Amino acid sequence: MSKQKHETPMLDQLESGPWPSFITGIKRLANDEGKTYQDTMIDLLGQLEHSYQTRKGYWKGGTISVMGYGGGIIPRFSEVGDKYPASREFHTLRIMPPAGMHYDTKIMREMCDVWEKHGSGLIAFHGQSGDIMFQGARSDKVQDAFDEFNKMGFDLGGAGPAVRTGMSCVGAARCEQSCANEQKILRLLVNEFLDDMHRPALPYKFKFKVSGCPNDCMNSIERADFSVIGTWRDDMKVDQDAVKAFIAEKGQKYVIDNVITRCPTQALSLNDDDTLAVDNRNCVRCMHCINVMTKALSPGDDKGVTILIGGKRTLKIGDLMGTVVVPFMKLETEEEYEKIVELAGDIIDFFAENALEHERTGEMIERIGLANFIEGIGLEVDPNMIAEPRQCSYVNTGNWDEEAQKWFDRKAEERAA
Amino acid sequence: MSKQKHETPMLDQLESGPWPSFITGIKRLANDEGKTYQDTMIDLLGQLEHSYQTRKGYWKGGTISVMGYGGGIIPRFSEVGDKYPASREFHTLRIMPPAGMHYDTKIMREMCDVWEKHGSGLIAFHGQSGDIMFQGARSDKVQDAFDEFNKMGFDLGGAGPAVRTGMSCVGAARCEQSCANEQKILRLLVNEFLDDMHRPALPYKFKFKVSGCPNDCMNSIERADFSVIGTWRDDMKVDQDAVKAFIAEKGQKYVIDNVITRCPTQALSLNDDDTLAVDNRNCVRCMHCINVMTKALSPGDDKGVTILIGGKRTLKIGDLMGTVVVPFMKLETEEEYEKIVELAGDIIDFFAENALEHERTGEMIERIGLANFIEGIGLEVDPNMIAEPRQCSYVNTGNWDEEAQKWFDRKAEERAA
Amino acid sequence: MPRTPIESGVPDPFQYMHPVMAKNYGMWKYHERPRPGVLCHTAKSGDKVWTVRAGTQRQMDLYTIRKLCDIADEYAEGHIRFTIRSNIEFMVSSEAKVQPLIDKLLKEGFPVGGTGPSVTMISHTQGWLHCDIPGTDASGVVKALMDELHEEFIKEDMPNRVHIATSCCQINCGGQSDIAINIQHTKPPKINHDLVANVCERPAVVARCPVAAIRPALVNGKPSLEVDEKKCICCGACYPPCPPMQINDPEHSKLAIWVGGNHSNARSKPSFQKLVAAGLPNNPPRWPEVAAILKKILHVYKEDAKDWERISDWVERIGWPRFFELTELPFTKFHIDDWRGARRSLNSSTHIRF
Amino acid sequence: MPRTPIESGVPDPFQYMHPVMAKNYGMWKYHERPRPGVLCHTAKSGDKVWTVRAGTQRQMDLYTIRKLCDIADEYAEGHIRFTIRSNIEFMVSSEAKVQPLIDKLLKEGFPVGGTGPSVTMISHTQGWLHCDIPGTDASGVVKALMDELHEEFIKEDMPNRVHIATSCCQINCGGQSDIAINIQHTKPPKINHDLVANVCERPAVVARCPVAAIRPALVNGKPSLEVDEKKCICCGACYPPCPPMQINDPEHSKLAIWVGGNHSNARSKPSFQKLVAAGLPNNPPRWPEVAAILKKILHVYKEDAKDWERISDWVERIGWPRFFELTELPFTKFHIDDWRGARRSLNSSTHIRF
Ligand code: SRM
Ligand code: SRM
Ligand code: SRM
Ligand code: SRM
Ligand code: SF4
Ligand code: SF4
Ligand code: SF4
Ligand code: SF4
Ligand code: SF4
Ligand code: SF4
Ligand code: SF4
Ligand code: SF4
C-alpha cells in the first residue's frame, strides 16, 4: 500500500475542463501502485498543492551532474522536504531530441520505459529551449537514467554558462517554404560545440536556433544568440496560372486588400490581366504574399541563410533581438557548411574572451558596439546589418579614409570576381 | 580716404556664380566711403580672408548688454585684433521680428537707417531662431542701436539660459492649411515670458515654435522646447466634385499611387464612382492627401492645437524630438488662450526648478521620465502621448490599482460631461 | 569503472521521421488546411502527407504518452512529432486516415486544432512544479486558460494565428508572443539577512542588479546587503544568485499581460510585445481575472482586425489609444516607458487619431 | 538718466502685413503654383494673392536690402516677408504684376524659385563671420553650394521639396533637413594648458562632456584638464565653456553629410537624418568635394524616387544598402550607430533586399 495521499482541493479543480490535465496525469502516477515513483508523486502533489495554497514555490537548486559532464541536469531539492519527504529530490534531465522533434513510437516507448524505471514518470515534450525534460529523478538515479538514454543514442542538453540545446523547425521535412536544411545546420552547429555544452565554461549561455524561412517558426531572432534563417537571393517564383486561379476564387479586392497593400515595401502590383508583378529588387523576403498565396508563390532557387546574433529575453538590460551579421550565406557544398561552423566557432571564441561574466552575446554587442563585434569576428561591415545609419554625430571618424578604402577595395574585388 | 584694403583672393572667388554673394555685399560696405562702418568692414573682410586661409575662426565671446536687460546681444571680440583693429568689436543685436516675418518697406528702410548709423550695415534676415541679426556693432554703439530699434517698436530677442525668440509660420496669413492663429499664439506665449527672456536665469534655453498644421513648416517638433501645431478633431472636408476633377485630370492610377497608397494608416480608398472614402477614425492628420489634393481636401472645422515638449539639437545626448504632452487643445475663447499660457508657465516653472544646469527640457524629460514630467506639470497621462506602451518589465508597478482608478474616474467624468 | 558518456549530441532525425517526409525532404510544393487541426502538404513528387495536430498538457505522465503512442500505432503509421508549442502532430499518408485519427483523439480527450488562424497552445515554463524562482505555476495558468480558449483552439476563426506564452518569473523563459502573460513583482525583495553571509556571493549579486540598487551592508554586525527601494524595479534578478533576497510574495507577485509581440518577419519586422495590463492577482487554481482580460482582448481583436492582421499589425493600424478604448483597459503612467531607449516609444509627432 | 527699455516683445505683424493677407487672415481656400517660384493663394472671399519667392544671401548689406525694398515698392505693393529659409517673398494682388516682378528680380540677380518640389535655399549658421566656435564658414559653404544648385532652385523638378541645412560646428544650430552638411571633428581637443586655470570653470567643463572623458588634472604644476582620448567622441561640447580646449583644426575638422531627415508629419512621423558621408575636407572657398557628393545624391534621388517621396520616404522604400550602391558612397563601420539607443538602428530582421 502506498503512503497516505494529501488533500489537493485546489489542484483537483484543474482536472475539469476540455484541455488535457497535467494534474490528472500526475495523479495517475501517484496512484500507480508498486511503482518506485508512486510515493514521490504523492508528495509532489502535496508540495504543489502547498504552493497553490500559499502562492509560493519551494524548490531550491544544488549541484548534480553525471560522470564526465558538468551540465545538463537541473537539480531540485525541496525546501519543505520535512512535510513531503518522498519528493525531496526531484531533478530534471535535459535530453536533446532529434532535430525537428521527430519520433517513432518505438523510441518514445523506450524512453518511457527508462523513465518508469529510474524516474518519476513525468516528462515534458518539450522545454522552451527544446529539450525533452525528464523531470523528477532522485540524486542516486540520475546517472542510471542518463546512461540508458545515452546508450539509446540520446545525449544531455545544456544548462548553466554553456552552449545550450538548440532548436530547428520542421522545415524541409514537410514545409514548402523551407530554404535550408534545418536539421543539418542545427546538428552541425550544436554537435561541433558539445564540449562547450557539456563542460560549462563560457561567460553565460549561448543558444542556436534554426528556422527554414523568414516566418521564423522558431522565434529565433528573438530567443537565440545565434539565429540561422533560410532565405533566397534570386527572384521569387510565381506561378501565374495559380495566381489567376487564386484571384478567380477570392476576388480581386481580397487580393489587393490582403496581399498587395500588405507588402512592407510596396513591391507588388496586380496587372490588368490578373497576373502579379513582383519588384524583386525591393522585395525584402518577408514571406507575407507567399504565405497567403501558397500555391502561386514560392521562394526562389538561389537559397541560403541569414545569420543574426544576440537575441535573448529580459535579464539585465531588457529583451534584445538578434541583429544581422551575415546577410546571406550559401549552404550547399560541405565547404560552405564548414564555413558556418567556423563562424560559430569564431563567435563563441570571441564571446568567451570578451563577454563579462553573466553577459549574453546581445548584451556584449550592446556594450562594445556592433562594429567592434563584426571586426572582432573577422567579418566586414555591410549596410544590410543596419536598419539605418547613425543619427548622432558623437563618434570619432578619425580614420574615415582608411575605412572607406576598405569598402572600395572590396567592391573592386567583387567586380573583378 | 579709407584705410588700406586687404587682399582677399579666396573671398573674391565667392563673388562669381548665380547666387547672390554676401561677399559682394560686404565689399560694398567696405567701399562705402565716409561711412562709420567702412573701416570695420575692411578689417572684417581681412579677418574673414584670414579665416579662409587658415581655416580657423577668430572671434571670442565676452559680456555686453543693454540697460535693464541681461541678454539679447552676442558679443564678439576679435582674437586677431592687432592685425584687424577696426573690426575688433563686432557684436550682434538679436531683434525679434513681427510674428510671421512680415514687413513693409517703410519699416525695413527705417531699420536700415539705424544700422547705417550705429552698426556695420550688415543684417541677416533671419537667424535660425528667427531673430533679425544686426551684426557688427562696436561696444559703445550697442545701446544707441537698441534704443532706436526699441523706439520703433522692436525688442531684443533671447540669448543665454533664457526664453528664446520664437517662430511661427506664415499660416493663417496666407495658408489654407492653417488650423490655428499662429501669430497670436506665438505673441501670447513669448510676450508673457519676456522677463525670462530679457533676464536669463533659467537652467538653459527654452524655445517656442508655432506651426499652423502638421506640415510643421517651422520644424518645431525637432527644434522647439515648446512646439505648438495646429490640427483638427472632426472629419476632414472632402469636396467630392474637386476629387473627381482631380482624378479626371491626373488619372486614377496617379491618385492610387500618390495618395491612396501613401496614407500611413490606410485610411483612404477610392470608390468606384471616383469619389474618395476617408476613414476619419484612423486618419492621423498627417496632411499628405490634403497636400496633394489641395483643392479637394481640407482640415475639418473643429480646430485646435497639439503641444509637444522637448525638441532640440545635438548637445549633450543627441538630437531629440519633442513629444506630445497635450494631444488636443481648443484655442478659440480668450479663456482657452489663457490656458495655453498657463501651461507654458507651469512648464517653465517646472523646468526652472527641476532641470540641471545646462539641461534642456528634452534632456530633463529623458532623465526623469515622461510620466514624472506629466505629473509634475499637473496633466494627466494619455495614450496619445506614446507611440507604444513599454516593452520592458523593469518598473515597479506597485500602486497599479490606484493609477488604474484615476483612469476609470476620468473616463466616468468624461461620460458624465 | 565509471562509464564514459558518448557525446553523441543532437540525434539524426531521419531514423524517426515519417517515411513520406523523409523521402520528400526539401522537396515540398504547397500546403492546404482541409479543416482546423489538419494540414495537407503536397510534395513536388506528388506525394502528400496529412498532419493532424492535437493539444497536450506538455507535462505528461507515462500513461498519456503511451496512449498517444497507441493512437499513433493504430491510426497514424507510427510516427509523431512535437511542435515548438508542445502540440503533438501525427502524420498519415492517406486522406482516409485523417477522420478516424481525429475521432480517436477527440475520444481520448485531445483537442484537435491549433493550426492556421486559431489560438494555438500557450507555451509555458516550469513554475511551482519545478523551478526554484517562480512566482506562479505556469502549467496551472495554462491549463486554466486553455480550458477557456478551447473553442479558439479547435476553430480557425481568428484574423491570423495567435501565439500566447506565459512565464512564471520576470526572467521570462517563455518565448515572446502575440500575447504574453508574465509574473510582475511589485515590491522590492525582502532580505533574509541571516542567510546572506552564508549563501550569497555578494559582489555577484550586486553586479546582477540592472539598476545598481544593491549595496553591500553590515546588518546586525553581519555582512549582508541592502536595497535602495526607490531605485529597485522589482525585477527579481537578484533572487537566483541570492535566494535570501525574497522577491516572491503571495500578494505582491502579480500577473501582467503584454500584447503585440511578433517574431515572424511577415509584413513588419519582428517586434516585442508591450505592457497592457498589470496588477492582476496571482489567483490559483484558475486565475479568473487573467482569463477575463485575455478573452476580452481576443474578442476585440477578432471583431476589429482584418484578415491576416496579427495582433501587432492590427494595433499598428488602429493605434494604441483605440486599443485601450476597445478593450476597456485603463491607461496609466506605467504604460509610459522609462527604461533605456524609452524615447523611441514616445509620440514624437502629431500622428493622433481623434 | 538711462533709458528703460520698452519690453514690447514680438511685434504685431498686422501693421506690416500685405492688406489682402490681413483681410483674409485665416480664411484661405486653396493654393496653386502657376510656375516655379510663384504661389497663388485663393481666399474664401474670392480674393487672390500671388507670392513671388526669391533667394537672398541672408547676410545682407544695406544696399541689397534697400534694393529689395525698391523692388517691392515699384513692383509689389510695398510688402515683403521672409521665409524660415531666408528666402524673400513679395506679395501682389494681381496676376499682371507677377511677370514684371520676376523680370526685375532676375535682372537684379535674385533667383526666383524655391517653391514646390525644388531645392530651396540652404538654411545656415554663422561660421567664421561671427561665431566664436565655428569649424567652417557656413555662409561661404552655402554660397558655393547654391551656385551649384541654382537650376534645382529655379525649377520644380525634384520628386518632392528638398530642404538642406549646414552647421559650422557639431552643436548644429542649423535646422535638421533632408540633407545636412555639418562640421565633424575628427581629433580630440588640443588643450592649451596655460590658459585653462584662468579661463575655464573646470567643473562645468567636466560636466559638459557627454562621455565623461574630461578629468581635472595638474599639468606642469598648474590646475588644468586632461582628456581620455580613447573615450572622446570629438564632439566639441567642451570648447564653448572652455576655449583652451581647441577642437577646431584646419586639417581635422572635416565635413559630413547626413541624409533623410524629415520634420513634417506628412506620411511618416518626423525623423532625424542619418550619416552618409564624412571625412570631407573643409576646403574653402568652394568646398568642391562636398558639392560633388551633394549633387550626386540629389541626382540619384531625382532619378529614382517617386512623386511626393521626400528623400526619407525614398530611402525607406529602396533601403539603405541600395542608397549606398546608387550614390557610390562607401559604407564603413562609422555608419553603424553606437550611441545610446543604437540597437534600434540595427537590422533585427531578415528584411533584406538582394
Ligand atoms: C509546426 C510549427 C513549426 C515547428 O517545427 O514546430 C509551424 C509550422 C507552420 N508554420 Fe509556423 N509553425 C510553428 C510555430 C510558429 C511560430 C513560433 C511560435 O508559435 O511561438 C511562429 C512565429 C510567431 C510570431 O511571429 O510571433 C510562426 C510563424 C508562422 C507564420 C507567420 C505568421 C504571420 O503572419 O506573422 C507562418 C505563415 C502563415 O501563417 O501562413 C507560419 C506558417 C507555418 C506553416 C503553414 C508552414 C508550412 O507551410 O508548413 C506550418 C503550418 C502551420 C499551421 O499551424 O497552420 N508560421 N510559426 C510550429 C507550430 C506551433 C504550434 O503548435 O502552434
Ligand atoms: C525549463 C525552462 C522553462 C520551461 O519550462 O520550458 C527554463 C527554466 C529555467 N530557466 Fe530559462 N528555461 C527554459 C528556456 C528559456 C528560454 C527559451 C529559449 O531557450 O528559447 C529563455 C529565453 C531565451 C534566452 O535565452 O534569453 C530562458 C531564459 C532564462 C534566463 C534569462 C537569460 C537571459 O540572458 O536573459 C534565465 C536566468 C539565468 O540564466 O540566469 C533562465 C534560468 C532558468 C532556470 C535555470 C532558473 C534558474 O536560474 O534557476 C530555470 C530552471 C527551471 C527548472 O527547474 O527546470 N532562463 N530560458 C526552459 C528550458 C528547457 C529546455 O532545456 O528545453
Ligand atoms: C513659406 C514657408 C513657411 C514660412 O512661414 O516661412 C512654407 C510655406 C509653405 N509650405 Fe512649407 N513652408 C516653409 C518651410 C517648410 C519646412 C521647414 C524648412 O524648410 O526647413 C518644412 C518641413 C521640412 C521637413 O519636413 O523636413 C515644410 C514642409 C511642408 C510640407 C511637407 C512636405 C512633405 O511632403 O513632407 C508641405 C506640403 C506640401 O509640400 O505640399 C508644405 C507646404 C507649404 C505650402 C504649400 C503651404 C500653403 O498651402 O501655403 C506653402 C508654400 C510652399 C511652397 O514653397 O511651395 N510645407 N515647409 C517656408 C518656406 C521655406 C522656403 O523658403 O523654402
Ligand atoms: C545665430 C544662430 C545661427 C545662425 O546663424 O542662424 C546661432 C548661433 C549660435 N548658437 Fe545656436 N544659433 C542659432 C540658432 C540655433 C538653433 C535653431 C533654432 O533655434 O531653431 C539651434 C537648434 C535648436 C535647439 O535649440 O536645440 C541652436 C542650437 C545651439 C546650441 C545647442 C543647444 C542644445 O541644447 O543642443 C548651442 C550651444 C549652447 O547653447 O551652449 C548654441 C549656441 C550658439 C552660439 C551662441 C555659440 C556659443 O555658444 O557661443 C552661437 C552664436 C553665433 C553668433 O556669433 O552669432 N546654439 N542654435 C542662430 C540664432 C539666431 C537667432 O537668434 O535667430
Ligand atoms: S520557419 Fe519557415 S520553413 Fe520552417 S516551418 Fe516555419 S514556415 Fe516552414
Ligand atoms: S515576400 Fe513580402 S516583401 Fe516580398 S513581395 Fe511578398 S509581401 Fe512583399
Ligand atoms: S505649417 Fe501648415 S499652416 Fe503653417 S505654413 Fe506650413 S502648411 Fe501652412
Ligand atoms: S491626412 Fe494623412 S492620415 Fe489622414 S487620410 Fe490623409 S494621408 Fe491618411
Ligand atoms: S520563467 Fe522564471 S520561474 Fe519560470 S521556469 Fe523560467 S526561470 Fe523559472
Ligand atoms: S529586484 Fe531587481 S532592481 Fe530590485 S534589487 Fe533585485 S536585482 Fe535590483
Ligand atoms: S553651428 Fe556652431 S559654429 Fe555655427 S553658429 Fe551655431 S554654435 Fe556657432
Ligand atoms: S570633444 Fe566632446 S567628448 Fe571630447 S573631451 Fe570635449 S566634450 Fe568630451
# chains A, B, ... in the order shown; residues from 1 in each chain; ligands from 1
>>> residues_near_ligand(ligand="ligand 5", cutoff="10 Å", atoms="only C-alpha atoms and all ligand atoms", output="PyMOL selection string")
(chain A and resi 100+168-182+210-220+229-231+287+291) or (chain C and resi 26+83+264)
>>> residues_around(residues="Gln184 (chain C)", least_positions_apart="6", cutoff="6 Å", atoms="only C-alpha atoms", output="PyMOL selection string")
chain C and resi 253-256
>>> write_last_selection(atoms="C-alpha atoms", output="PDB file, in the first residue's frame")
ATOM      1  CA  SER C 253       3.843  38.995  -7.165  1.00  0.00           C
ATOM      2  CA  LYS C 254       1.161  39.874  -9.672  1.00  0.00           C
ATOM      3  CA  LEU C 255       0.460  38.956 -13.251  1.00  0.00           C
ATOM      4  CA  ALA C 256       0.817  41.283 -16.204  1.00  0.00           C
TER       5      ALA C 256
END
>>> interface_residues(of="chain C", to="chain D", cutoff="8 Å", atoms="only C-alpha atoms", output="mmCIF file with all heavy atoms, in the first residue's frame")
data_model
loop_
_atom_site.group_PDB
_atom_site.id
_atom_site.type_symbol
_atom_site.label_atom_id
_atom_site.label_comp_id
_atom_site.auth_asym_id
_atom_site.auth_seq_id
_atom_site.Cartn_x
_atom_site.Cartn_y
_atom_site.Cartn_z
ATOM 1 N N ASN C 265 8.929 37.506 -39.715
ATOM 2 C CA ASN C 265 9.276 38.692 -40.499
ATOM 3 C C ASN C 265 8.167 39.072 -41.470
ATOM 4 O O ASN C 265 8.352 39.957 -42.298
ATOM 5 C CB ASN C 265 10.570 38.436 -41.258
ATOM 6 C CG ASN C 265 11.749 38.308 -40.317
ATOM 7 O OD1 ASN C 265 12.343 39.305 -39.937
ATOM 8 N ND2 ASN C 265 12.068 37.091 -39.909
ATOM 9 N N LYS C 269 8.779 44.068 -39.446
ATOM 10 C CA LYS C 269 9.912 43.419 -38.793
ATOM 11 C C LYS C 269 9.494 42.886 -37.427
ATOM 12 O O LYS C 269 8.535 43.377 -36.844
ATOM 13 C CB LYS C 269 11.045 44.429 -38.620
ATOM 14 C CG LYS C 269 11.629 44.899 -39.942
ATOM 15 C CD LYS C 269 12.805 45.849 -39.723
ATOM 16 C CE LYS C 269 13.460 46.181 -41.064
ATOM 17 N NZ LYS C 269 14.679 46.971 -40.893
ATOM 18 N N PRO C 270 10.235 41.917 -36.906
ATOM 19 C CA PRO C 270 9.898 41.397 -35.581
ATOM 20 C C PRO C 270 9.881 42.517 -34.540
ATOM 21 O O PRO C 270 10.653 43.467 -34.619
ATOM 22 C CB PRO C 270 11.045 40.421 -35.288
ATOM 23 C CG PRO C 270 11.556 40.008 -36.624
ATOM 24 C CD PRO C 270 11.380 41.213 -37.507
ATOM 25 N N ARG C 340 15.720 52.154 -20.617
ATOM 26 C CA ARG C 340 16.670 52.670 -21.617
ATOM 27 C C ARG C 340 16.043 52.757 -23.005
ATOM 28 O O ARG C 340 15.332 51.853 -23.411
ATOM 29 C CB ARG C 340 17.877 51.747 -21.697
ATOM 30 C CG ARG C 340 18.580 51.697 -20.372
ATOM 31 C CD ARG C 340 19.699 50.692 -20.370
ATOM 32 N NE ARG C 340 19.978 50.303 -18.983
ATOM 33 C CZ ARG C 340 20.817 49.357 -18.621
ATOM 34 N NH1 ARG C 340 21.492 48.711 -19.546
ATOM 35 N NH2 ARG C 340 20.991 49.080 -17.350
ATOM 36 N N GLY C 341 16.361 53.822 -23.688
ATOM 37 C CA GLY C 341 15.834 53.968 -25.034
ATOM 38 C C GLY C 341 14.351 54.267 -25.066
ATOM 39 O O GLY C 341 13.713 54.167 -26.110
ATOM 40 N N SER C 348 6.436 61.278 -30.920
ATOM 41 C CA SER C 348 7.127 62.495 -31.355
ATOM 42 C C SER C 348 6.579 62.929 -32.691
ATOM 43 O O SER C 348 7.317 63.057 -33.671
ATOM 44 C CB SER C 348 8.623 62.223 -31.459
ATOM 45 O OG SER C 348 9.150 61.962 -30.188
ATOM 46 N N SER C 349 5.320 63.130 -32.745
ATOM 47 C CA SER C 349 4.667 63.507 -33.987
ATOM 48 C C SER C 349 3.277 64.010 -33.643
ATOM 49 O O SER C 349 2.831 63.885 -32.505
ATOM 50 C CB SER C 349 4.519 62.285 -34.897
ATOM 51 O OG SER C 349 3.450 61.464 -34.456
ATOM 52 N N THR C 350 2.610 64.534 -34.661
ATOM 53 C CA THR C 350 1.201 64.870 -34.458
ATOM 54 C C THR C 350 0.302 63.768 -34.985
ATOM 55 O O THR C 350 -0.891 63.991 -35.178
ATOM 56 C CB THR C 350 0.839 66.190 -35.165
ATOM 57 O OG1 THR C 350 1.117 66.025 -36.553
ATOM 58 C CG2 THR C 350 1.629 67.355 -34.607
ATOM 59 N N HIS C 351 0.856 62.607 -35.257
ATOM 60 C CA HIS C 351 0.005 61.499 -35.690
ATOM 61 C C HIS C 351 -0.885 61.064 -34.529
ATOM 62 O O HIS C 351 -0.466 60.341 -33.633
ATOM 63 C CB HIS C 351 0.863 60.318 -36.157
ATOM 64 C CG HIS C 351 1.462 60.494 -37.530
ATOM 65 N ND1 HIS C 351 1.851 59.456 -38.326
ATOM 66 C CD2 HIS C 351 1.720 61.600 -38.264
ATOM 67 C CE1 HIS C 351 2.324 59.909 -39.478
ATOM 68 N NE2 HIS C 351 2.269 61.210 -39.456
#
>>> interface_residues(of="chain A", to="chain D", cutoff="6 Å", atoms="only C-alpha atoms", output="list in words")
Arg233, Thr265, Asn282, Val284, Met321, Gly322, Thr323, Val324, Gly369, Ala371, Pro383, Met385, Ile386, Ala387, Glu388, Pro389, Arg390, Gln391, Tyr394, Val395, Asn396, Thr397, Gly398, Trp400, Glu403, Ala404 and Trp407 of chain A
>>> interface_residues(of="chain A", to="chain B", cutoff="9 Å", atoms="only C-alpha atoms", output="ChimeraX atom specification")
/A:261,266,314,317-319,391-394
>>> atom_distance(atom1="CA of Thr125 (chain C)", atom2="CA of Thr166 (chain C)")
6.9 Å
>>> select_by_dssp(residues="region 150-194 of chain C", states="strand (DSSP E or B)", output="PyMOL selection string")
chain C and resi 162+164-167+179-185+190-191
>>> write_last_selection(atoms="N, CA and C atoms", output="PDB file, in the first residue's frame")
ATOM      1  N   VAL C 162      -2.692  33.187 -33.478  1.00  0.00           N
ATOM      2  CA  VAL C 162      -2.436  33.861 -32.202  1.00  0.00           C
ATOM      3  C   VAL C 162      -1.540  32.977 -31.350  1.00  0.00           C
ATOM      4  N   ILE C 164       0.378  32.650 -27.751  1.00  0.00           N
ATOM      5  CA  ILE C 164       0.377  33.164 -26.381  1.00  0.00           C
ATOM      6  C   ILE C 164       1.471  32.443 -25.608  1.00  0.00           C
ATOM      7  N   ALA C 165       2.062  33.120 -24.653  1.00  0.00           N
ATOM      8  CA  ALA C 165       3.078  32.484 -23.812  1.00  0.00           C
ATOM      9  C   ALA C 165       2.897  32.956 -22.379  1.00  0.00           C
ATOM     10  N   THR C 166       3.334  32.136 -21.440  1.00  0.00           N
ATOM     11  CA  THR C 166       3.355  32.586 -20.051  1.00  0.00           C
ATOM     12  C   THR C 166       4.754  32.377 -19.486  1.00  0.00           C
ATOM     13  N   SER C 167       5.104  33.190 -18.519  1.00  0.00           N
ATOM     14  CA  SER C 167       6.350  32.982 -17.786  1.00  0.00           C
ATOM     15  C   SER C 167       6.064  33.169 -16.311  1.00  0.00           C
ATOM     16  N   ILE C 179       0.607  37.566 -27.345  1.00  0.00           N
ATOM     17  CA  ILE C 179       0.163  37.926 -26.003  1.00  0.00           C
ATOM     18  C   ILE C 179       1.015  37.157 -25.005  1.00  0.00           C
ATOM     19  N   ALA C 180       1.586  37.841 -24.043  1.00  0.00           N
ATOM     20  CA  ALA C 180       2.364  37.159 -23.017  1.00  0.00           C
ATOM     21  C   ALA C 180       1.753  37.460 -21.664  1.00  0.00           C
ATOM     22  N   ILE C 181       1.728  36.430 -20.844  1.00  0.00           N
ATOM     23  CA  ILE C 181       1.167  36.573 -19.503  1.00  0.00           C
ATOM     24  C   ILE C 181       2.298  36.228 -18.548  1.00  0.00           C
ATOM     25  N   ASN C 182       2.803  37.218 -17.864  1.00  0.00           N
ATOM     26  CA  ASN C 182       4.024  37.023 -17.095  1.00  0.00           C
ATOM     27  C   ASN C 182       3.877  37.516 -15.673  1.00  0.00           C
ATOM     28  N   ILE C 183       4.665  36.923 -14.817  1.00  0.00           N
ATOM     29  CA  ILE C 183       4.747  37.436 -13.446  1.00  0.00           C
ATOM     30  C   ILE C 183       5.383  38.826 -13.456  1.00  0.00           C
ATOM     31  N   GLN C 184       4.850  39.685 -12.617  1.00  0.00           N
ATOM     32  CA  GLN C 184       5.414  41.029 -12.460  1.00  0.00           C
ATOM     33  C   GLN C 184       5.439  41.313 -10.954  1.00  0.00           C
ATOM     34  N   HIS C 185       6.632  41.372 -10.392  1.00  0.00           N
ATOM     35  CA  HIS C 185       6.735  41.663  -8.963  1.00  0.00           C
ATOM     36  C   HIS C 185       6.467  43.141  -8.712  1.00  0.00           C
ATOM     37  N   LYS C 190      12.409  41.262  -0.058  1.00  0.00           N
ATOM     38  CA  LYS C 190      12.645  41.274   1.390  1.00  0.00           C
ATOM     39  C   LYS C 190      13.909  40.471   1.644  1.00  0.00           C
ATOM     40  N   ILE C 191      14.854  41.016   2.351  1.00  0.00           N
ATOM     41  CA  ILE C 191      16.124  40.310   2.530  1.00  0.00           C
ATOM     42  C   ILE C 191      16.123  39.528   3.839  1.00  0.00           C
TER      43      ILE C 191
END
>>> residues_around(residues="His6 (chain B)", least_positions_apart="4", cutoff="10 Å", atoms="only C-alpha atoms", output="PyMOL selection string")
chain B and resi 42-47+49-50+84
>>> closest_residue(among="C:Arg202, C:Arg215, C:His18, C:Lys67", to="ligand 10", atoms="only C-alpha atoms and all ligand atoms")
C:Arg215
>>> residues_around(residues="Ser21 (chain A)", least_positions_apart="5", cutoff="8 Å", atoms="only C-alpha atoms", output="list in words")
Leu14, Glu15 and Ser16 of chain A; Gln57 and Lys143 of chain C
>>> write_last_selection(atoms="N, CA and C atoms", output="CSV table (one decimal), in the first residue's frame")
chain,number,residue,atom,x,y,z
A,14,LEU,N,-8.2,21.7,-11.2
A,14,LEU,CA,-7.6,21.7,-12.6
A,14,LEU,C,-7.8,20.4,-13.3
A,15,GLU,N,-8.6,19.6,-12.8
A,15,GLU,CA,-8.9,18.3,-13.6
A,15,GLU,C,-10.1,18.4,-14.5
A,16,SER,N,-10.9,19.4,-14.2
A,16,SER,CA,-12.1,19.6,-15.1
A,16,SER,C,-11.7,20.4,-16.4
C,57,GLN,N,-0.8,18.4,-22.7
C,57,GLN,CA,-0.6,19.2,-21.4
C,57,GLN,C,0.9,19.4,-21.2
C,143,LYS,N,-3.3,25.5,-18.2
C,143,LYS,CA,-4.4,24.6,-18.2
C,143,LYS,C,-5.7,25.4,-18.0
>>> residues_around(residues="Cys263 (chain B)", least_positions_apart="4", cutoff="9 Å", atoms="only C-alpha atoms", output="ChimeraX atom specification")
/B:258-259,267-268,283,286,288-289 /D:266-268
>>> closest_atom_pairs(of="chain D", to="ligand 3", cutoff="7 Å", atoms="only C-alpha atoms and all ligand atoms", output="CSV")
residue,atom,partner,partner_atom_place_in_ligand_line,distance
D:Tyr30,CA,ligand 3,48 (O),6.7
D:His31,CA,ligand 3,48 (O),5.7
D:Arg33,CA,ligand 3,55 (O),7.0
D:Leu39,CA,ligand 3,55 (O),6.6
D:Phe82,CA,ligand 3,6 (O),6.4
D:Thr83,CA,ligand 3,6 (O),3.3
D:Ile84,CA,ligand 3,6 (O),4.2
D:Arg85,CA,ligand 3,62 (O),4.5
D:Ser86,CA,ligand 3,62 (O),6.3
D:Asn87,CA,ligand 3,62 (O),4.8
D:Gly114,CA,ligand 3,63 (O),5.3
D:Thr115,CA,ligand 3,54 (O),3.3
D:Gly116,CA,ligand 3,55 (O),3.7
D:Thr120,CA,ligand 3,63 (O),4.8
D:Met121,CA,ligand 3,63 (O),6.1
D:Asn160,CA,ligand 3,34 (O),6.6
D:Arg161,CA,ligand 3,39 (O),6.4
D:His163,CA,ligand 3,19 (O),5.5
D:Gly175,CA,ligand 3,20 (O),6.6
D:Gln176,CA,ligand 3,26 (O),6.8
D:Ser177,CA,ligand 3,26 (O),5.0
D:Asp178,CA,ligand 3,26 (O),5.9
D:Gly261,CA,ligand 3,26 (O),6.0
D:Asn262,CA,ligand 3,26 (O),3.9
D:His263,CA,ligand 3,25 (O),3.6
D:Ser264,CA,ligand 3,25 (O),3.6
D:Asn265,CA,ligand 3,35 (O),6.7
D:Ala266,CA,ligand 3,35 (O),4.9
D:Trp308,CA,ligand 3,34 (O),6.2
D:Arg310,CA,ligand 3,35 (O),6.0
>>> closest_residue(among="B:Asp257, B:Glu332, B:Asp382, B:Glu342", to="ligand 8", atoms="only C-alpha atoms and all ligand atoms")
B:Asp257
>>> residues_near_ligand(ligand="ligand 4", cutoff="6 Å", atoms="only C-alpha atoms and all ligand atoms", output="list in words")
Ile74, Arg94, His126, Gly127, Gln128, Ser129, Gly130, Asp131, Arg223, Lys312, Arg313, Thr314, Leu315 and Arg360 of chain B; His124, Thr125, Gln126, His130, Cys131, Asp132, Ile171, Asn172, Cys173, Gly174, Gly175 and Pro240 of chain D
>>> residues_around(residues="region 289-302 of chain D", least_positions_apart="5", cutoff="7 Å", atoms="only C-alpha atoms", output="mmCIF file with C-alpha atoms, in the first residue's frame")
data_model
loop_
_atom_site.group_PDB
_atom_site.id
_atom_site.type_symbol
_atom_site.label_atom_id
_atom_site.label_comp_id
_atom_site.auth_asym_id
_atom_site.auth_seq_id
_atom_site.Cartn_x
_atom_site.Cartn_y
_atom_site.Cartn_z
ATOM 1 C CA LEU D 145 26.587 75.176 -52.995
ATOM 2 C CA MET D 158 12.584 67.106 -57.869
ATOM 3 C CA PRO D 159 10.269 64.324 -56.613
ATOM 4 C CA LEU D 280 35.248 65.543 -46.427
ATOM 5 C CA ILE D 311 14.342 61.710 -49.511
ATOM 6 C CA LEU D 326 23.340 54.125 -56.152
ATOM 7 C CA THR D 327 25.280 57.028 -54.694
#
